[in-house]
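Here is the file my_file.cif (mmCIF, N, CA and C atoms).
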```cif
data_data
#
loop_
_atom_site.label_atom_id
_atom_site.label_comp_id
_atom_site.auth_asym_id
_atom_site.auth_seq_id
_atom_site.Cartn_x
_atom_site.Cartn_y
_atom_site.Cartn_z
N MET E 20 -32.95 39.41 13.35
CA MET E 20 -33.90 38.32 13.34
C MET E 20 -35.13 38.77 14.11
N ASN E 21 -36.29 38.41 13.57
CA ASN E 21 -37.54 38.69 14.26
C ASN E 21 -38.49 37.51 14.06
N THR E 22 -39.68 37.61 14.60
CA THR E 22 -40.64 36.52 14.52
C THR E 22 -40.92 36.12 13.08
N GLU E 23 -40.99 37.08 12.19
CA GLU E 23 -41.31 36.80 10.78
C GLU E 23 -40.24 35.99 10.06
N ASN E 24 -38.97 36.26 10.33
CA ASN E 24 -37.92 35.60 9.55
C ASN E 24 -37.08 34.59 10.33
N ALA E 25 -37.40 34.35 11.59
CA ALA E 25 -36.59 33.45 12.42
C ALA E 25 -36.50 32.04 11.84
N ASP E 26 -37.63 31.46 11.46
CA ASP E 26 -37.61 30.09 10.92
C ASP E 26 -36.78 30.02 9.64
N PHE E 27 -36.95 31.00 8.77
CA PHE E 27 -36.19 31.02 7.52
C PHE E 27 -34.68 31.13 7.80
N LEU E 28 -34.29 32.02 8.71
CA LEU E 28 -32.87 32.24 8.98
C LEU E 28 -32.19 31.05 9.63
N ARG E 29 -32.97 30.15 10.22
CA ARG E 29 -32.40 28.96 10.87
C ARG E 29 -32.18 27.81 9.89
N LYS E 30 -32.60 27.98 8.64
CA LYS E 30 -32.43 26.94 7.64
C LYS E 30 -31.03 26.98 7.04
N ASP E 31 -30.53 25.81 6.62
CA ASP E 31 -29.24 25.74 5.94
C ASP E 31 -29.26 26.61 4.69
N GLY E 32 -28.22 27.38 4.49
CA GLY E 32 -28.09 28.20 3.31
C GLY E 32 -28.78 29.55 3.38
N ALA E 33 -29.48 29.82 4.47
CA ALA E 33 -30.20 31.09 4.58
C ALA E 33 -29.26 32.29 4.50
N LEU E 34 -28.03 32.11 4.95
CA LEU E 34 -27.06 33.21 4.94
C LEU E 34 -25.94 32.95 3.92
N SER E 35 -26.26 32.26 2.87
CA SER E 35 -25.28 32.00 1.82
C SER E 35 -24.77 33.32 1.26
N SER E 36 -23.46 33.42 1.09
CA SER E 36 -22.87 34.69 0.66
C SER E 36 -23.22 35.06 -0.78
N ASP E 37 -23.79 34.15 -1.54
CA ASP E 37 -24.18 34.50 -2.92
C ASP E 37 -25.58 35.10 -3.00
N ARG E 38 -26.25 35.20 -1.87
CA ARG E 38 -27.58 35.82 -1.85
C ARG E 38 -27.44 37.34 -1.96
N PRO E 39 -28.17 37.96 -2.86
CA PRO E 39 -28.04 39.41 -3.05
C PRO E 39 -28.59 40.24 -1.88
N ASP E 40 -29.44 39.66 -1.05
CA ASP E 40 -30.04 40.43 0.04
C ASP E 40 -29.22 40.40 1.33
N ILE E 41 -28.08 39.73 1.32
CA ILE E 41 -27.21 39.72 2.50
C ILE E 41 -26.35 40.98 2.45
N PRO E 42 -26.36 41.79 3.50
CA PRO E 42 -25.59 43.04 3.50
C PRO E 42 -24.09 42.79 3.31
N SER E 43 -23.41 43.73 2.67
CA SER E 43 -21.98 43.61 2.37
C SER E 43 -21.14 43.38 3.62
N VAL E 44 -21.42 44.10 4.70
CA VAL E 44 -20.60 43.95 5.89
C VAL E 44 -20.74 42.55 6.46
N LEU E 45 -21.90 41.93 6.36
CA LEU E 45 -22.10 40.58 6.84
C LEU E 45 -21.37 39.58 5.95
N LYS E 46 -21.46 39.76 4.64
CA LYS E 46 -20.72 38.88 3.71
C LYS E 46 -19.22 38.97 3.99
N ASP E 47 -18.72 40.18 4.17
CA ASP E 47 -17.31 40.37 4.42
C ASP E 47 -16.89 39.77 5.76
N ALA E 48 -17.72 39.92 6.77
CA ALA E 48 -17.42 39.34 8.07
C ALA E 48 -17.37 37.81 7.98
N MET E 49 -18.29 37.22 7.24
CA MET E 49 -18.28 35.76 7.05
C MET E 49 -17.02 35.34 6.32
N GLU E 50 -16.61 36.11 5.32
CA GLU E 50 -15.39 35.82 4.57
C GLU E 50 -14.17 35.91 5.48
N LEU E 51 -14.10 36.94 6.30
CA LEU E 51 -12.98 37.12 7.21
C LEU E 51 -12.88 35.94 8.19
N VAL E 52 -14.01 35.56 8.76
CA VAL E 52 -14.04 34.44 9.71
C VAL E 52 -13.54 33.17 9.03
N SER E 53 -13.97 32.95 7.81
CA SER E 53 -13.52 31.78 7.06
C SER E 53 -12.02 31.84 6.79
N ARG E 54 -11.52 33.00 6.38
CA ARG E 54 -10.09 33.16 6.06
C ARG E 54 -9.17 32.90 7.25
N ILE E 55 -9.63 33.23 8.45
CA ILE E 55 -8.78 33.00 9.62
C ILE E 55 -9.00 31.62 10.23
N GLY E 56 -9.82 30.80 9.57
CA GLY E 56 -9.99 29.42 10.00
C GLY E 56 -10.99 29.21 11.13
N GLU E 57 -11.84 30.17 11.33
CA GLU E 57 -12.87 30.03 12.37
C GLU E 57 -14.19 29.63 11.73
N ARG E 58 -15.11 29.13 12.54
CA ARG E 58 -16.39 28.65 12.02
C ARG E 58 -17.58 29.51 12.43
N TYR E 59 -17.46 30.24 13.51
CA TYR E 59 -18.63 30.92 14.08
C TYR E 59 -18.48 32.43 14.07
N LEU E 60 -19.59 33.08 13.85
CA LEU E 60 -19.66 34.54 13.83
C LEU E 60 -20.92 34.95 14.58
N TRP E 61 -20.75 35.78 15.58
CA TRP E 61 -21.89 36.31 16.33
C TRP E 61 -22.27 37.65 15.72
N VAL E 62 -23.51 37.78 15.32
CA VAL E 62 -24.05 39.04 14.81
C VAL E 62 -25.30 39.32 15.64
N ASP E 63 -25.25 40.36 16.44
CA ASP E 63 -26.35 40.66 17.36
C ASP E 63 -27.71 40.61 16.67
N ALA E 64 -27.80 41.27 15.53
CA ALA E 64 -29.09 41.37 14.82
C ALA E 64 -29.61 40.03 14.34
N LEU E 65 -28.73 39.04 14.23
CA LEU E 65 -29.15 37.71 13.78
C LEU E 65 -29.22 36.70 14.92
N CYS E 66 -28.48 36.93 15.97
CA CYS E 66 -28.42 35.98 17.07
C CYS E 66 -29.39 36.32 18.21
N ILE E 67 -29.87 37.52 18.22
CA ILE E 67 -30.86 37.93 19.23
C ILE E 67 -32.15 38.26 18.50
N GLN E 68 -33.21 37.56 18.87
CA GLN E 68 -34.50 37.82 18.23
C GLN E 68 -35.01 39.17 18.73
N GLN E 69 -35.06 40.13 17.83
CA GLN E 69 -35.30 41.53 18.17
C GLN E 69 -36.69 41.82 18.74
N ASP E 70 -37.68 41.02 18.39
CA ASP E 70 -39.05 41.28 18.88
C ASP E 70 -39.51 40.24 19.90
N SER E 71 -38.56 39.62 20.58
CA SER E 71 -38.88 38.59 21.56
C SER E 71 -38.72 39.12 22.98
N PRO E 72 -39.54 38.65 23.92
CA PRO E 72 -39.33 39.02 25.32
C PRO E 72 -37.96 38.54 25.83
N ALA E 73 -37.40 37.52 25.20
CA ALA E 73 -36.08 37.00 25.59
C ALA E 73 -34.95 37.94 25.20
N LYS E 74 -35.24 38.95 24.38
CA LYS E 74 -34.21 39.88 23.93
C LYS E 74 -33.47 40.50 25.11
N HIS E 75 -34.19 40.92 26.12
CA HIS E 75 -33.57 41.59 27.26
C HIS E 75 -32.70 40.63 28.06
N ARG E 76 -33.12 39.37 28.14
CA ARG E 76 -32.29 38.36 28.79
C ARG E 76 -30.99 38.18 28.01
N ASP E 77 -31.11 38.11 26.69
CA ASP E 77 -29.93 37.94 25.83
C ASP E 77 -29.00 39.14 25.93
N LEU E 78 -29.57 40.34 25.93
CA LEU E 78 -28.75 41.54 26.04
C LEU E 78 -28.00 41.60 27.37
N ALA E 79 -28.63 41.09 28.41
CA ALA E 79 -27.99 41.09 29.73
C ALA E 79 -26.81 40.12 29.78
N ARG E 80 -26.69 39.24 28.79
CA ARG E 80 -25.60 38.27 28.75
C ARG E 80 -24.50 38.67 27.76
N MET E 81 -24.56 39.86 27.23
CA MET E 81 -23.56 40.26 26.24
C MET E 81 -22.14 40.27 26.81
N ASP E 82 -22.00 40.47 28.11
CA ASP E 82 -20.66 40.40 28.70
C ASP E 82 -20.05 39.02 28.49
N VAL E 83 -20.86 37.98 28.56
CA VAL E 83 -20.38 36.62 28.33
C VAL E 83 -20.01 36.43 26.86
N ILE E 84 -20.86 36.92 25.98
CA ILE E 84 -20.58 36.81 24.54
C ILE E 84 -19.27 37.51 24.20
N TYR E 85 -19.12 38.76 24.60
CA TYR E 85 -17.91 39.52 24.29
C TYR E 85 -16.67 38.88 24.91
N SER E 86 -16.75 38.49 26.17
CA SER E 86 -15.55 37.98 26.86
C SER E 86 -15.12 36.61 26.37
N HIS E 87 -16.02 35.86 25.74
CA HIS E 87 -15.65 34.54 25.22
C HIS E 87 -15.36 34.55 23.72
N SER E 88 -15.49 35.69 23.10
CA SER E 88 -15.23 35.76 21.66
C SER E 88 -13.73 35.85 21.40
N LEU E 89 -13.32 35.43 20.22
CA LEU E 89 -11.93 35.57 19.82
C LEU E 89 -11.58 37.05 19.71
N PHE E 90 -12.48 37.83 19.09
CA PHE E 90 -12.34 39.27 19.01
C PHE E 90 -13.65 39.89 18.58
N ALA E 91 -13.78 41.18 18.84
CA ALA E 91 -14.92 41.94 18.31
C ALA E 91 -14.46 42.56 17.01
N LEU E 92 -15.22 42.32 15.96
CA LEU E 92 -14.91 42.88 14.64
C LEU E 92 -15.62 44.23 14.54
N ILE E 93 -14.86 45.28 14.32
CA ILE E 93 -15.41 46.63 14.34
C ILE E 93 -15.20 47.30 12.99
N ALA E 94 -16.32 47.56 12.33
CA ALA E 94 -16.29 48.26 11.04
C ALA E 94 -16.32 49.76 11.33
N VAL E 95 -15.16 50.33 11.52
CA VAL E 95 -15.03 51.72 11.98
C VAL E 95 -15.72 52.69 11.03
N ASP E 96 -15.50 52.54 9.74
CA ASP E 96 -16.00 53.50 8.77
C ASP E 96 -17.39 53.18 8.25
N GLY E 97 -17.95 52.06 8.64
CA GLY E 97 -19.25 51.66 8.12
C GLY E 97 -20.36 52.59 8.56
N THR E 98 -21.11 53.09 7.61
CA THR E 98 -22.24 53.95 7.94
C THR E 98 -23.54 53.17 7.95
N ASN E 99 -23.54 51.98 7.33
CA ASN E 99 -24.71 51.11 7.34
C ASN E 99 -24.25 49.69 6.99
N ALA E 100 -25.17 48.75 6.99
CA ALA E 100 -24.84 47.34 6.77
C ALA E 100 -24.35 47.04 5.35
N ASN E 101 -24.57 47.95 4.42
CA ASN E 101 -24.12 47.72 3.05
C ASN E 101 -22.73 48.27 2.78
N ALA E 102 -22.10 48.85 3.78
CA ALA E 102 -20.73 49.32 3.63
C ALA E 102 -19.80 48.13 3.82
N PRO E 103 -18.93 47.85 2.86
CA PRO E 103 -18.02 46.70 3.00
C PRO E 103 -16.95 46.94 4.06
N LEU E 104 -16.33 45.86 4.52
CA LEU E 104 -15.20 45.98 5.44
C LEU E 104 -13.98 46.42 4.63
N PRO E 105 -13.40 47.56 4.94
CA PRO E 105 -12.23 48.03 4.20
C PRO E 105 -11.06 47.06 4.31
N GLY E 106 -10.40 46.84 3.18
CA GLY E 106 -9.21 46.00 3.16
C GLY E 106 -9.46 44.54 2.88
N LEU E 107 -10.69 44.10 2.92
CA LEU E 107 -10.96 42.69 2.68
C LEU E 107 -11.03 42.38 1.19
N ARG E 108 -11.61 43.28 0.45
CA ARG E 108 -11.70 43.12 -1.01
C ARG E 108 -10.64 43.99 -1.66
N PRO E 109 -10.18 43.60 -2.84
CA PRO E 109 -9.19 44.44 -3.54
C PRO E 109 -9.73 45.86 -3.75
N ARG E 110 -8.86 46.83 -3.54
CA ARG E 110 -9.16 48.25 -3.73
C ARG E 110 -10.35 48.74 -2.88
N SER E 111 -10.55 48.12 -1.72
CA SER E 111 -11.65 48.55 -0.86
C SER E 111 -11.20 49.50 0.24
N ARG E 112 -9.94 49.87 0.21
CA ARG E 112 -9.41 50.78 1.22
C ARG E 112 -8.64 51.89 0.52
N LEU E 113 -8.83 53.09 0.99
CA LEU E 113 -8.07 54.23 0.46
C LEU E 113 -6.62 54.10 0.92
N PRO E 114 -5.69 54.64 0.18
CA PRO E 114 -4.29 54.59 0.63
C PRO E 114 -4.15 55.29 1.98
N LEU E 115 -3.42 54.66 2.88
CA LEU E 115 -3.25 55.22 4.21
C LEU E 115 -2.22 56.36 4.24
N LYS E 116 -1.26 56.29 3.35
CA LYS E 116 -0.18 57.27 3.38
C LYS E 116 -0.15 58.05 2.07
N PRO E 117 -0.73 59.23 2.05
CA PRO E 117 -0.63 60.04 0.84
C PRO E 117 0.83 60.39 0.55
N VAL E 118 1.21 60.26 -0.69
CA VAL E 118 2.58 60.54 -1.10
C VAL E 118 2.60 61.85 -1.87
N ILE E 119 3.55 62.72 -1.52
CA ILE E 119 3.71 64.00 -2.19
C ILE E 119 5.15 64.08 -2.70
N HIS E 120 5.31 64.51 -3.93
CA HIS E 120 6.65 64.70 -4.52
C HIS E 120 6.95 66.20 -4.57
N ILE E 121 8.01 66.62 -3.88
CA ILE E 121 8.42 68.02 -3.86
C ILE E 121 9.92 68.08 -4.15
N ARG E 122 10.26 68.78 -5.25
CA ARG E 122 11.66 68.98 -5.64
C ARG E 122 12.47 67.68 -5.64
N GLY E 123 11.91 66.64 -6.22
CA GLY E 123 12.62 65.38 -6.33
C GLY E 123 12.64 64.54 -5.07
N ARG E 124 11.95 64.99 -4.06
CA ARG E 124 11.88 64.21 -2.80
C ARG E 124 10.47 63.65 -2.63
N VAL E 125 10.42 62.50 -2.02
CA VAL E 125 9.13 61.86 -1.75
C VAL E 125 8.80 62.06 -0.28
N LEU E 126 7.67 62.69 -0.01
CA LEU E 126 7.21 62.91 1.37
C LEU E 126 5.97 62.05 1.62
N ILE E 127 5.99 61.34 2.72
CA ILE E 127 4.87 60.47 3.08
C ILE E 127 4.33 60.95 4.41
N SER E 128 3.04 61.25 4.46
CA SER E 128 2.46 61.72 5.71
C SER E 128 2.19 60.54 6.65
N GLU E 129 2.16 60.84 7.92
CA GLU E 129 1.90 59.82 8.93
C GLU E 129 0.40 59.57 9.00
N PRO E 130 -0.02 58.31 9.03
CA PRO E 130 -1.46 58.04 9.13
C PRO E 130 -1.98 58.47 10.50
N PRO E 131 -3.27 58.74 10.59
CA PRO E 131 -3.84 59.13 11.88
C PRO E 131 -3.78 57.97 12.88
N SER E 132 -3.76 58.31 14.15
CA SER E 132 -3.77 57.28 15.19
C SER E 132 -5.16 56.65 15.27
N LEU E 133 -5.25 55.51 15.92
CA LEU E 133 -6.55 54.85 16.10
C LEU E 133 -7.53 55.77 16.81
N ASP E 134 -7.05 56.47 17.84
CA ASP E 134 -7.93 57.40 18.57
C ASP E 134 -8.50 58.47 17.64
N GLU E 135 -7.66 59.01 16.76
CA GLU E 135 -8.12 60.04 15.82
C GLU E 135 -9.15 59.47 14.84
N VAL E 136 -8.90 58.26 14.37
CA VAL E 136 -9.83 57.62 13.44
C VAL E 136 -11.17 57.37 14.13
N LEU E 137 -11.12 56.87 15.36
CA LEU E 137 -12.35 56.57 16.09
C LEU E 137 -13.14 57.83 16.41
N GLU E 138 -12.45 58.91 16.79
CA GLU E 138 -13.12 60.16 17.14
C GLU E 138 -14.01 60.68 16.03
N SER E 139 -13.59 60.48 14.80
CA SER E 139 -14.35 61.02 13.67
C SER E 139 -15.24 59.98 13.01
N SER E 140 -15.40 58.83 13.63
CA SER E 140 -16.15 57.74 13.01
C SER E 140 -17.61 57.67 13.46
N LYS E 141 -18.40 57.04 12.63
CA LYS E 141 -19.80 56.75 12.97
C LYS E 141 -19.85 55.77 14.15
N TYR E 142 -18.87 54.89 14.20
CA TYR E 142 -18.79 53.87 15.26
C TYR E 142 -18.89 54.50 16.65
N GLU E 143 -18.20 55.61 16.84
CA GLU E 143 -18.17 56.27 18.16
C GLU E 143 -19.51 56.86 18.56
N THR E 144 -20.46 56.97 17.64
CA THR E 144 -21.76 57.54 17.97
C THR E 144 -22.77 56.49 18.40
N ARG E 145 -22.39 55.23 18.33
CA ARG E 145 -23.32 54.14 18.63
C ARG E 145 -23.27 53.78 20.11
N GLY E 146 -24.39 53.38 20.66
CA GLY E 146 -24.53 53.18 22.09
C GLY E 146 -23.76 52.02 22.70
N TRP E 147 -23.58 50.94 21.97
CA TRP E 147 -22.99 49.73 22.56
C TRP E 147 -21.47 49.69 22.45
N THR E 148 -20.86 50.68 21.85
CA THR E 148 -19.43 50.59 21.55
C THR E 148 -18.55 50.55 22.80
N LEU E 149 -18.94 51.22 23.86
CA LEU E 149 -18.13 51.21 25.07
C LEU E 149 -18.07 49.80 25.66
N GLN E 150 -19.22 49.15 25.80
CA GLN E 150 -19.20 47.79 26.36
C GLN E 150 -18.50 46.82 25.42
N GLU E 151 -18.62 47.03 24.13
CA GLU E 151 -17.95 46.18 23.16
C GLU E 151 -16.43 46.24 23.37
N ARG E 152 -15.92 47.45 23.52
CA ARG E 152 -14.48 47.64 23.72
C ARG E 152 -14.02 47.13 25.08
N LEU E 153 -14.78 47.41 26.12
CA LEU E 153 -14.35 47.04 27.47
C LEU E 153 -14.47 45.55 27.75
N LEU E 154 -15.47 44.91 27.18
CA LEU E 154 -15.74 43.51 27.52
C LEU E 154 -15.12 42.49 26.57
N SER E 155 -14.70 42.93 25.40
CA SER E 155 -14.06 42.01 24.45
C SER E 155 -12.60 41.81 24.81
N ARG E 156 -12.12 40.60 24.61
CA ARG E 156 -10.70 40.32 24.88
C ARG E 156 -9.81 41.07 23.89
N ARG E 157 -10.28 41.17 22.64
CA ARG E 157 -9.55 41.86 21.58
C ARG E 157 -10.55 42.56 20.67
N CYS E 158 -10.09 43.61 20.03
CA CYS E 158 -10.92 44.28 19.02
C CYS E 158 -10.10 44.36 17.72
N LEU E 159 -10.73 43.99 16.62
CA LEU E 159 -10.12 44.13 15.31
C LEU E 159 -10.84 45.27 14.62
N TYR E 160 -10.14 46.40 14.47
CA TYR E 160 -10.72 47.60 13.86
C TYR E 160 -10.43 47.56 12.37
N MET E 161 -11.47 47.59 11.57
CA MET E 161 -11.35 47.62 10.10
C MET E 161 -11.66 49.04 9.65
N SER E 162 -10.66 49.69 9.05
CA SER E 162 -10.82 51.08 8.65
C SER E 162 -10.09 51.32 7.33
#
```
If you convert what's in this file into structure tokens, what do you get?
Amino acid sequence: MNTENADFLRKDGALSSDRPDIPSVLKDAMELVSRIGERYLWVDALCIQQDSPAKHRDLARMDVIYSHSLFALIAVDGTNANAPLPGLRPRSRLPLKPVIHIRGRVLISEPPSLDEVLESSKYETRGWTLQERLLSRRCLYMS
């Protein structure tokens, strides 16, 4: 949110999921929140006016936001806002356990640990991830 679009974004229906200009990850996050029976979703880019002097005041309060949230939703594999949340839509997640057939036997490999997944993710390269993990009561990792 910025000065140019703040008034528009505060109107009813501005974030309707049928709008083509709403990023996939935001649509999916709204869907997830609805599916679990919650009403509110905090999105930094929409809840903090990015070009306002109040931005720094709001950023200084992120500990309160994180600690009072139900959970932090983390799109581990997302490279940008148009990457969907894996697992929310049908066929949006690769199989976790590759299956190999050798001499009539079925072998299933063990999926990587969360630490291994995070180490190789774009998420780990972002600056706010440490405070997000430390200050949130829970984290829901979507991968």
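Selection check: the PyMOL selection byres ((chain E and resi 154) around 8) on the shown file gives Met81, Asp82, Val83, Ile84, Tyr85, Ser86, His87, Ser88, Ala91, Thr148, Leu149, Gln150, Glu151, Arg152, Leu153, Ser155, Arg156 and Arg157 of chain E.
Residues with any atom within 7 Å of Ala94 (chain E), counting only C-alpha atoms and excluding same-chain neighbours fewer than 5 positions away, are Leu104, Tyr160, Met161 and Ser162 of chain E.
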### Message
Just the number, please: distance in Å from atom N of Cys158 (chain E) to atom N of Phe90 (chain E), one decimal.
### Response
6.3 Å
### Residue contacts of region 135-140 of chain E (9 Å, only C-alpha atoms) excluding same-chain residues fewer than 5 positions away, as a list in words
Val95, Asp96, Gly97, Thr98 and Ser162 of chain E
### Task
Please identify all polymer residues within 7 Å of region 53-67 of chain E, counting all atoms listed in the file, omitting same-chain residues fewer than 3 positions from it, and present them as a count of residues only.
9
### Message
So the first atom is CA of Ser111 (chain E) and the second is CA of Leu45 (chain E); what is the distance between them in Å, to one decimal place?
### Response
15.2 Å
### Task
Apply DSSP to the backbone of this structure and, from region 45-115 of chain E, keep only the residues in alpha helix (DSSP H); write these as a VMD selection string.
chain E and resid 45 to 54 63 to 66 74 to 78 81 to 87
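Atom pair CA of Ala73 (chain E) / CA of Thr144 (chain E) has a distance of 26.2 Å (rounded to one decimal).
Taking only C-alpha atoms into account, Gln68 (chain E) lies nearest to E:Asn24 out of the set E:Arg112, E:Asn24, E:Trp147, E:Glu129.
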First collect every listed atom of region 81-92 of chain E; then fit an axis-aligned box around them, widen it by 4 Å on each side, and give centre and edge lengths in Å to one decimal, as JSON.
```
{"center_x": -18.1, "center_y": 39.4, "center_z": 21.6, "size_x": 21.0, "size_y": 17.7, "size_z": 22.2}
```
